[in-house]
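Visitor: Handing over upload.txt, compact mmCIF, C-alpha atoms and all ligand atoms.
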# COMPACT_ATOMS: atom_id res chain seq x y z
CA VAL A 761 22.16 -1.54 -53.85
CA GLN A 762 20.38 1.04 -56.00
CA SER A 763 17.93 -0.12 -58.62
CA GLY A 764 16.00 1.48 -61.44
CA VAL A 765 17.12 2.81 -64.78
CA ALA A 766 20.25 4.57 -66.01
CA VAL A 767 20.58 6.49 -69.28
CA VAL A 768 23.91 7.46 -70.84
CA THR A 769 24.00 9.81 -73.84
CA GLY A 770 26.47 9.21 -76.66
CA SER A 771 27.30 5.74 -75.37
CA ASN A 772 27.89 3.80 -78.58
CA LYS A 773 31.64 4.29 -78.16
CA GLY A 774 34.39 5.92 -76.13
CA ILE A 775 33.85 6.96 -72.51
CA GLY A 776 30.06 6.62 -72.80
CA LEU A 777 30.33 2.96 -73.76
CA ALA A 778 32.75 2.39 -70.88
CA ILE A 779 30.30 4.10 -68.49
CA VAL A 780 27.53 1.71 -69.62
CA ARG A 781 29.91 -1.25 -69.15
CA ALA A 782 30.70 -0.17 -65.58
CA LEU A 783 27.06 0.56 -64.72
CA CYS A 784 26.00 -2.86 -66.06
CA LYS A 785 28.39 -4.36 -63.50
CA GLN A 786 27.68 -2.02 -60.58
CA PHE A 787 24.11 -0.75 -60.90
CA ASN A 788 21.14 -2.93 -60.06
CA GLY A 789 18.73 -1.90 -62.79
CA ASP A 790 18.35 -1.39 -66.52
CA VAL A 791 21.22 0.47 -68.19
CA TYR A 792 20.65 2.11 -71.56
CA VAL A 793 23.11 2.60 -74.36
CA THR A 794 21.79 5.56 -76.32
CA SER A 795 23.10 6.63 -79.70
CA ARG A 796 22.00 8.98 -82.46
CA ASP A 797 22.60 6.13 -84.94
CA VAL A 798 20.61 2.95 -84.31
CA GLY A 799 23.14 0.74 -86.12
CA ARG A 800 26.09 2.04 -84.07
CA GLY A 801 24.05 1.71 -80.90
CA GLU A 802 23.10 -1.90 -81.63
CA GLU A 803 26.74 -2.73 -82.41
CA ALA A 804 27.69 -1.33 -79.00
CA VAL A 805 25.06 -3.46 -77.31
CA LYS A 806 26.45 -6.53 -79.13
CA THR A 807 29.96 -5.70 -77.96
CA LEU A 808 28.76 -5.56 -74.35
CA ASN A 809 26.65 -8.73 -74.84
CA SER A 810 29.83 -10.52 -75.92
CA GLU A 811 31.28 -9.53 -72.52
CA GLY A 812 28.30 -11.12 -70.79
CA LEU A 813 26.58 -7.76 -70.08
CA LYS A 814 22.96 -6.95 -70.90
CA PRO A 815 22.41 -3.25 -71.58
CA LYS A 816 19.27 -2.03 -73.32
CA PHE A 817 19.10 0.45 -76.18
CA HIS A 818 17.16 3.56 -77.13
CA GLN A 819 17.84 5.99 -79.94
CA LEU A 820 18.80 9.49 -78.79
CA ASP A 821 20.28 12.25 -80.93
CA ILE A 822 20.79 15.15 -78.56
CA ASN A 823 20.81 17.61 -81.47
CA ASP A 824 17.27 16.56 -82.40
CA LEU A 825 14.54 17.92 -80.14
CA ASN A 826 12.04 15.31 -81.34
CA SER A 827 14.48 12.53 -80.53
CA ILE A 828 14.95 13.97 -77.02
CA LYS A 829 11.18 14.24 -76.50
CA ASN A 830 10.61 10.68 -77.79
CA ALA A 831 13.25 9.26 -75.48
CA ALA A 832 11.93 11.24 -72.50
CA ALA A 833 8.39 9.98 -73.19
CA TYR A 834 9.71 6.41 -73.44
CA PHE A 835 11.47 6.52 -70.05
CA LYS A 836 8.50 8.28 -68.47
CA GLY A 837 6.13 5.62 -69.83
CA LYS A 838 8.23 2.53 -69.14
CA TYR A 839 9.92 3.50 -65.85
CA ASP A 840 8.01 6.55 -64.69
CA GLY A 841 11.27 8.50 -64.92
CA VAL A 842 14.99 7.91 -64.64
CA ASP A 843 17.30 7.27 -61.70
CA ILE A 844 20.61 8.05 -63.34
CA LEU A 845 21.23 10.41 -66.26
CA ILE A 846 24.73 10.82 -67.63
CA ASN A 847 25.15 13.55 -70.22
CA ASN A 848 28.25 12.27 -71.95
CA ALA A 849 27.64 12.96 -75.65
CA GLY A 850 30.05 15.57 -76.91
CA THR A 851 32.15 16.66 -79.81
CA ALA A 852 35.45 18.42 -80.56
CA PHE A 853 37.27 19.57 -83.65
CA LYS A 854 40.83 18.33 -84.06
CA ALA A 855 43.47 21.02 -83.52
CA SER A 856 44.50 20.53 -87.16
CA ASP A 857 40.97 21.11 -88.51
CA THR A 858 40.82 24.10 -90.86
CA THR A 859 37.06 24.74 -90.48
CA PRO A 860 36.63 28.50 -89.83
CA PHE A 861 36.62 29.38 -86.12
CA GLY A 862 33.08 30.77 -86.22
CA VAL A 863 31.72 27.52 -87.66
CA GLN A 864 33.65 25.47 -85.10
CA ALA A 865 32.20 27.67 -82.36
CA GLU A 866 28.65 27.18 -83.61
CA VAL A 867 28.93 23.41 -84.12
CA THR A 868 30.79 22.75 -80.86
CA LEU A 869 28.46 24.87 -78.72
CA ARG A 870 25.37 23.42 -80.43
CA THR A 871 26.13 19.88 -79.26
CA ASN A 872 28.17 20.30 -76.09
CA PHE A 873 26.18 23.12 -74.55
CA PHE A 874 22.83 23.79 -76.24
CA ALA A 875 21.91 20.14 -76.92
CA THR A 876 23.06 19.01 -73.47
CA ARG A 877 20.85 21.76 -72.06
CA ASP A 878 17.91 20.50 -74.16
CA VAL A 879 18.38 17.00 -72.71
CA LEU A 880 18.40 18.45 -69.19
CA THR A 881 15.31 20.53 -69.91
CA HIS A 882 13.34 17.42 -70.88
CA PHE A 883 14.91 14.85 -68.55
CA LEU A 884 15.48 16.71 -65.28
CA PRO A 885 11.74 16.76 -64.48
CA LEU A 886 11.82 12.95 -64.92
CA VAL A 887 14.69 12.37 -62.51
CA LYS A 888 13.31 10.53 -59.50
CA ALA A 889 13.92 11.28 -55.86
CA GLY A 890 17.41 10.07 -54.98
CA GLY A 891 18.45 10.41 -58.61
CA ARG A 892 21.93 11.23 -59.84
CA VAL A 893 22.80 13.44 -62.81
CA VAL A 894 26.31 13.63 -64.20
CA ASN A 895 27.36 16.08 -66.89
CA VAL A 896 30.63 15.19 -68.57
CA SER A 897 32.53 18.45 -68.83
CA SER A 898 36.30 18.85 -69.11
CA MET A 899 39.35 20.19 -67.32
CA LEU A 900 39.46 22.62 -70.22
CA SER A 901 36.39 24.29 -68.70
CA ALA A 902 38.48 25.22 -65.65
CA SER A 903 41.53 26.34 -67.64
CA GLY A 904 39.32 28.15 -70.18
CA LEU A 905 37.61 30.01 -67.35
CA LYS A 906 40.95 31.48 -66.25
CA GLN A 907 41.42 32.88 -69.77
CA CYS A 908 38.07 34.69 -69.77
CA SER A 909 37.87 38.42 -69.04
CA PRO A 910 37.41 39.36 -65.36
CA GLU A 911 33.81 40.33 -66.17
CA LEU A 912 33.00 36.92 -67.66
CA GLN A 913 34.82 35.10 -64.85
CA GLN A 914 32.77 37.04 -62.33
CA ARG A 915 29.53 35.87 -63.99
CA PHE A 916 30.67 32.23 -64.30
CA HIS A 917 31.68 32.23 -60.63
CA SER A 918 28.56 33.96 -59.37
CA GLU A 919 25.88 32.22 -57.33
CA ASP A 920 23.13 34.23 -58.99
CA ILE A 921 23.75 33.52 -62.67
CA THR A 922 20.54 32.14 -64.22
CA GLU A 923 20.13 29.60 -66.99
CA ASP A 924 18.79 32.36 -69.24
CA GLU A 925 21.82 34.54 -68.63
CA LEU A 926 24.16 31.59 -69.31
CA VAL A 927 22.36 30.87 -72.58
CA VAL A 928 22.73 34.52 -73.63
CA LEU A 929 26.47 34.44 -72.81
CA MET A 930 27.04 31.17 -74.74
CA GLN A 931 25.15 32.58 -77.73
CA ARG A 932 27.16 35.80 -77.48
CA PHE A 933 30.37 33.75 -77.77
CA VAL A 934 29.09 32.07 -80.95
CA ASP A 935 27.95 35.38 -82.47
CA GLU A 936 31.24 37.10 -81.66
CA ALA A 937 33.25 34.11 -82.91
CA LYS A 938 31.46 34.32 -86.26
CA LYS A 939 32.48 37.98 -86.55
CA GLY A 940 36.03 37.25 -85.37
CA GLU A 941 35.39 39.41 -82.30
CA HIS A 942 35.37 36.83 -79.51
CA LYS A 943 38.80 37.83 -78.17
CA GLN A 944 37.72 41.45 -77.81
CA GLY A 945 34.60 40.04 -76.15
CA GLY A 946 36.76 38.54 -73.42
CA TRP A 947 36.61 34.89 -74.54
CA PRO A 948 39.41 32.35 -74.86
CA ASP A 949 40.32 31.20 -78.34
CA MET A 950 38.91 27.69 -77.72
CA SER A 951 35.32 26.80 -78.59
CA TYR A 952 35.53 23.45 -76.83
CA ALA A 953 36.63 25.08 -73.57
CA VAL A 954 33.83 27.65 -73.76
CA SER A 955 31.27 24.90 -74.45
CA LYS A 956 32.46 23.02 -71.36
CA ILE A 957 32.42 26.19 -69.21
CA GLY A 958 28.76 26.23 -70.19
CA VAL A 959 28.30 22.59 -69.11
CA THR A 960 30.00 23.14 -65.74
CA VAL A 961 28.11 26.36 -64.93
CA LEU A 962 24.80 24.86 -66.09
CA SER A 963 25.35 21.94 -63.69
CA MET A 964 25.86 24.41 -60.83
CA ILE A 965 22.74 26.37 -61.79
CA HIS A 966 20.62 23.20 -61.89
CA ALA A 967 22.03 22.08 -58.53
CA ARG A 968 20.93 25.34 -56.89
CA HIS A 969 17.56 25.06 -58.59
CA LEU A 970 17.00 21.45 -57.45
CA SER A 971 18.01 22.28 -53.88
CA LYS A 972 15.46 25.07 -53.86
CA GLU A 973 12.58 23.49 -55.81
CA ARG A 974 12.89 19.84 -54.79
CA PRO A 975 14.74 19.97 -51.46
CA LYS A 976 13.34 16.68 -50.17
CA ASP A 977 14.21 14.68 -53.29
CA GLY A 978 17.93 14.42 -52.59
CA ILE A 979 18.91 14.56 -56.26
CA LEU A 980 22.63 15.18 -56.78
CA ILE A 981 23.90 16.79 -59.98
CA ASN A 982 27.56 17.40 -60.78
CA ALA A 983 29.90 18.17 -63.65
CA CYS A 984 33.08 16.18 -64.06
CA CYS A 985 36.21 15.69 -66.11
CA PRO A 986 36.89 12.08 -67.08
CA GLY A 987 40.62 12.82 -67.43
CA TRP A 988 42.56 12.66 -70.67
CA VAL A 989 41.23 9.52 -72.33
CA ARG A 990 42.19 7.59 -75.47
CA THR A 991 39.10 8.08 -77.65
CA GLU A 992 38.36 9.60 -81.03
CA ILE A 993 38.16 13.06 -79.44
CA ALA A 994 41.62 12.93 -77.82
CA ALA A 995 45.01 11.94 -79.21
CA PRO A 996 46.06 8.25 -79.14
CA GLY A 997 48.75 9.14 -76.58
CA ALA A 998 46.25 10.05 -73.85
CA PRO A 999 47.08 8.30 -70.56
CA LYS A 1000 43.68 6.83 -69.61
CA SER A 1001 41.73 3.99 -71.18
CA PRO A 1002 38.00 4.59 -71.71
CA ASP A 1003 37.29 2.31 -68.72
CA GLU A 1004 39.56 4.49 -66.56
CA GLY A 1005 37.84 7.60 -67.95
CA ALA A 1006 34.49 6.16 -66.81
CA ILE A 1007 35.56 5.94 -63.15
CA THR A 1008 34.70 9.48 -62.03
CA PRO A 1009 31.38 9.74 -63.95
CA VAL A 1010 30.33 6.34 -62.54
CA TYR A 1011 31.39 7.33 -59.03
CA LEU A 1012 29.13 10.41 -59.26
CA ALA A 1013 26.28 8.32 -60.73
CA LEU A 1014 26.45 5.85 -57.85
CA LEU A 1015 26.83 8.24 -54.89
CA ALA A 1016 25.27 6.33 -52.02
CA PRO A 1017 21.57 6.73 -51.22
CA GLY A 1018 21.14 9.57 -48.73
CA ALA A 1019 24.43 11.25 -49.70
CA THR A 1020 24.19 15.05 -49.74
CA GLU A 1021 27.42 15.86 -51.55
CA PRO A 1022 29.08 16.49 -53.87
CA HIS A 1023 26.27 18.52 -55.42
CA GLY A 1024 26.70 21.33 -57.94
CA LYS A 1025 30.43 20.73 -58.07
CA TYR A 1026 33.08 20.21 -60.69
CA VAL A 1027 34.80 16.89 -59.97
CA SER A 1028 37.79 15.08 -61.39
CA ASP A 1029 39.60 11.97 -60.14
CA LYS A 1030 36.69 11.60 -57.68
CA GLU A 1031 37.72 14.87 -55.98
CA VAL A 1032 35.85 18.17 -55.95
CA GLN A 1033 37.99 20.70 -57.81
CA PRO A 1034 38.15 24.44 -57.29
CA TRP A 1035 36.01 26.46 -59.72
P1 LIG B 1 34.07 9.93 -78.56
O1 LIG B 1 34.20 10.74 -79.79
O2 LIG B 1 34.72 8.58 -78.52
O3 LIG B 1 32.52 9.74 -78.18
C1 LIG B 1 31.62 10.80 -78.30
C2 LIG B 1 30.23 10.19 -78.23
O4 LIG B 1 29.27 11.25 -78.29
C3 LIG B 1 29.94 9.26 -79.41
O5 LIG B 1 29.15 8.19 -78.99
C4 LIG B 1 29.16 10.17 -80.35
O6 LIG B 1 28.31 9.46 -81.23
C5 LIG B 1 28.35 10.92 -79.32
N1 LIG B 1 27.68 12.09 -79.88
C6 LIG B 1 28.20 13.16 -80.52
N2 LIG B 1 27.22 13.98 -80.93
C7 LIG B 1 26.05 13.41 -80.55
C8 LIG B 1 24.68 13.73 -80.70
N3 LIG B 1 24.29 14.84 -81.33
N4 LIG B 1 23.74 12.91 -80.17
C9 LIG B 1 24.09 11.80 -79.52
N5 LIG B 1 25.38 11.41 -79.38
C10 LIG B 1 26.33 12.20 -79.89
O7 LIG B 1 34.63 10.87 -77.40
P2 LIG B 1 34.80 10.64 -75.80
O8 LIG B 1 34.28 9.32 -75.40
O9 LIG B 1 36.18 11.03 -75.47
O10 LIG B 1 33.84 11.79 -75.26
C11 LIG B 1 32.83 11.60 -74.29
C12 LIG B 1 32.69 12.87 -73.47
O11 LIG B 1 33.89 13.07 -72.71
C13 LIG B 1 32.52 14.14 -74.30
O12 LIG B 1 31.56 14.97 -73.69
C14 LIG B 1 33.90 14.77 -74.25
O13 LIG B 1 33.84 16.16 -74.46
C15 LIG B 1 34.33 14.41 -72.85
N6 LIG B 1 35.75 14.51 -72.57
C16 LIG B 1 36.63 13.66 -73.19
C17 LIG B 1 37.99 13.75 -72.88
C18 LIG B 1 39.00 12.83 -73.51
O14 LIG B 1 40.19 12.96 -73.21
N7 LIG B 1 38.61 11.90 -74.36
C19 LIG B 1 38.51 14.73 -71.93
C20 LIG B 1 37.48 15.56 -71.33
C21 LIG B 1 36.16 15.42 -71.65
P3 LIG B 1 28.72 9.10 -82.77
O15 LIG B 1 29.51 7.83 -82.70
O16 LIG B 1 27.40 8.97 -83.42
O17 LIG B 1 29.54 10.25 -83.28
Could the structure of this file be written out as structure tokens, please?

Guide:
Amino acid sequence: VQSGVAVVTGSNKGIGLAIVRALCKQFNGDVYVTSRDVGRGEEAVKTLNSEGLKPKFHQLDINDLNSIKNAAAYFKGKYDGVDILINNAGTAFKASDTTPFGVQAEVTLRTNFFATRDVLTHFLPLVKAGGRVVNVSSMLSASGLKQCSPELQQRFHSEDITEDELVVLMQRFVDEAKKGEHKQGGWPDMSYAVSKIGVTVLSMIHARHLSKERPKDGILINACCPGWVRTEIAAPGAPKSPDEGAITPVYLALLAPGATEPHGKYVSDKEVQPW
């Protein structure tokens, strides 16, 4: 049984809370609810306490660089790093929302891509040998990719795309969206899908980087889709409960010690999916 410490972003509700619940039952170590709002985070801990589970709590707003640095310093100091990191925090506008597309693009990319990247920047160096990193992406990353121009698809499929190039492309989407030029730029008309393309490709880039820079550490990093889950983000008619949505992220977080795959893959229903 693995032991150590697991950190789940955006886990005061929804799939994140369900991931913490499952890890409390299956992972032999401290499991952290993190939330941007301390009150909501403590409520979540109480909910799990009432189920007989004992998660811990730390504040973490992924849109706030100081909050990320504080949390990273805390886990470094208390545990000398982390064993499991699940980047689950995310946001989506409702289809009915009338916020201008350019604003939706900026806000959605800021949290789902840029802030997730900031967490990885500060936490990946803390991930211990044998660690597992799971980035919650979406099936819309795969379908959105198919709607990108051939040029963009080629870059998002390539083995040599760098983090810097990905950041430039994601920023280009936001800039073009603000000018109403994203379709001419070869992008799909869905900010959420573009943000999750970024999450999936970033996971692949980090996997290649870890294999090269820390080959002996056996860290596995993957992107996944939880499925269509009944939470605030999705419609009430979604087929999966949050606990069912947690299954694939938790599977990737608990890949057996010594496992070498999946790594740098996009996974849903516990199966590696084509990208
Ligand atoms: P919820 O809206 O229920 O939960 C989202 C969580 O992310 C909340 O805890 C929210 O906190 C948190 N969050 C948002 N912004 C930040 C931030 N800046 N810092 C820290 N936490 C933040 O949605 P889900 O549980 O459905 O979403 C979880 C993940 O699953 C997301 O990445 C989503 O994109 C992904 N996903 C969901 C699908 C679904 O069908 N539900 C399908 C595919 C992917 P707060 O309460 O403070 O807002």

Visitor: Can you work out the spacing between CA of Val879 (chain A) and CA of Asp857 (chain A) in Å, to one decimal?

Guide: 27.9 Å

Visitor: Taking all atoms listed in the file into account, which residues have an atom no farther than 7 Å from ligand LIG 1 (chain B)? I'd like them as a ChimeraX atom specification.

Guide: /A:769-776,795-797,800,820-823,848-852,871-872,896-899,985-994,998

Visitor: Please save C-alpha atoms of the selected residues as a compact mmCIF listing (two decimals), in the frame of the given file.

Guide:
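Done, and the output landed in result-v2.txt:
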# COMPACT_ATOMS: atom_id res chain seq x y z
CA THR A 769 24.00 9.81 -73.84
CA GLY A 770 26.47 9.21 -76.66
CA SER A 771 27.30 5.74 -75.37
CA ASN A 772 27.89 3.80 -78.58
CA LYS A 773 31.64 4.29 -78.16
CA GLY A 774 34.39 5.92 -76.13
CA ILE A 775 33.85 6.96 -72.51
CA GLY A 776 30.06 6.62 -72.80
CA SER A 795 23.10 6.63 -79.70
CA ARG A 796 22.00 8.98 -82.46
CA ASP A 797 22.60 6.13 -84.94
CA ARG A 800 26.09 2.04 -84.07
CA LEU A 820 18.80 9.49 -78.79
CA ASP A 821 20.28 12.25 -80.93
CA ILE A 822 20.79 15.15 -78.56
CA ASN A 823 20.81 17.61 -81.47
CA ASN A 848 28.25 12.27 -71.95
CA ALA A 849 27.64 12.96 -75.65
CA GLY A 850 30.05 15.57 -76.91
CA THR A 851 32.15 16.66 -79.81
CA ALA A 852 35.45 18.42 -80.56
CA THR A 871 26.13 19.88 -79.26
CA ASN A 872 28.17 20.30 -76.09
CA VAL A 896 30.63 15.19 -68.57
CA SER A 897 32.53 18.45 -68.83
CA SER A 898 36.30 18.85 -69.11
CA MET A 899 39.35 20.19 -67.32
CA CYS A 985 36.21 15.69 -66.11
CA PRO A 986 36.89 12.08 -67.08
CA GLY A 987 40.62 12.82 -67.43
CA TRP A 988 42.56 12.66 -70.67
CA VAL A 989 41.23 9.52 -72.33
CA ARG A 990 42.19 7.59 -75.47
CA THR A 991 39.10 8.08 -77.65
CA GLU A 992 38.36 9.60 -81.03
CA ILE A 993 38.16 13.06 -79.44
CA ALA A 994 41.62 12.93 -77.82
CA ALA A 998 46.25 10.05 -73.85

Visitor: Might you pull out every residue within 6 Å of Val893 (chain A), with all atoms listed in the file counted and same-chain residues fewer than 3 positions away left off, and present them as a PDB file with C-alpha atoms, keeping the file's coordinate frame?

Guide:
ATOM      1  CA  ILE A 844      20.610   8.050 -63.340  1.00  0.00           C
ATOM      2  CA  LEU A 845      21.230  10.410 -66.260  1.00  0.00           C
ATOM      3  CA  ILE A 846      24.730  10.820 -67.630  1.00  0.00           C
ATOM      4  CA  ILE A 981      23.900  16.790 -59.980  1.00  0.00           C
TER       5      ILE A 981
END

Visitor: Any chance you could tabulate, as a Markdown table, the residues of region 953-1034 of chain A at most 10 Å from region 928-940 of chain A with each one's nearest atom pair and distance in Å to one decimal, using all atoms listed in the file, in chain and rising number order?

Guide:
| residue | atom | partner | partner_atom | distance |
| --- | --- | --- | --- | --- |
| A:Val954 | CA | A:Met930 | CA | 7.7 |
| A:Ser955 | CA | A:Met930 | CA | 7.6 |
| A:Ile957 | CA | A:Met930 | CA | 9.2 |
| A:Gly958 | CA | A:Met930 | CA | 6.9 |

Visitor: Quick one: residues within 9 Å of Val1027 (chain A), all atoms listed in the file counted, chain neighbours fewer than 2 positions away excluded, as number ranges by chain?

Guide: A: 982-986, 1008-1009, 1012, 1022, 1025, 1029-1034

Visitor: So which residues are close to (37.4, 29.1, -70.3), meaning at most 12 Å away in the file's coordinates with only C-alpha atoms counted, and can you show them as a ChimeraX atom specification?

Guide: /A:897-910,912-913,916-917,930,933,943,946-961,1035

Visitor: Would you please work out which residue, of A:Val863, A:Val805, A:Leu777, A:Ala889, is nearest to Glu1004 (chain A) when using all atoms listed in the file?

Guide: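 Result for the nearest residue to Glu1004 (chain A): A:Leu777.
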
Visitor: Could you name the residues that touch Gly1018 (chain A) at 10 Å or less, counting only C-alpha atoms, but leaving out those on the same chain fewer than 2 positions away, as a VMD selection string?

Guide: chain A and resid 890 977 to 980 1015 to 1016 1020 to 1021
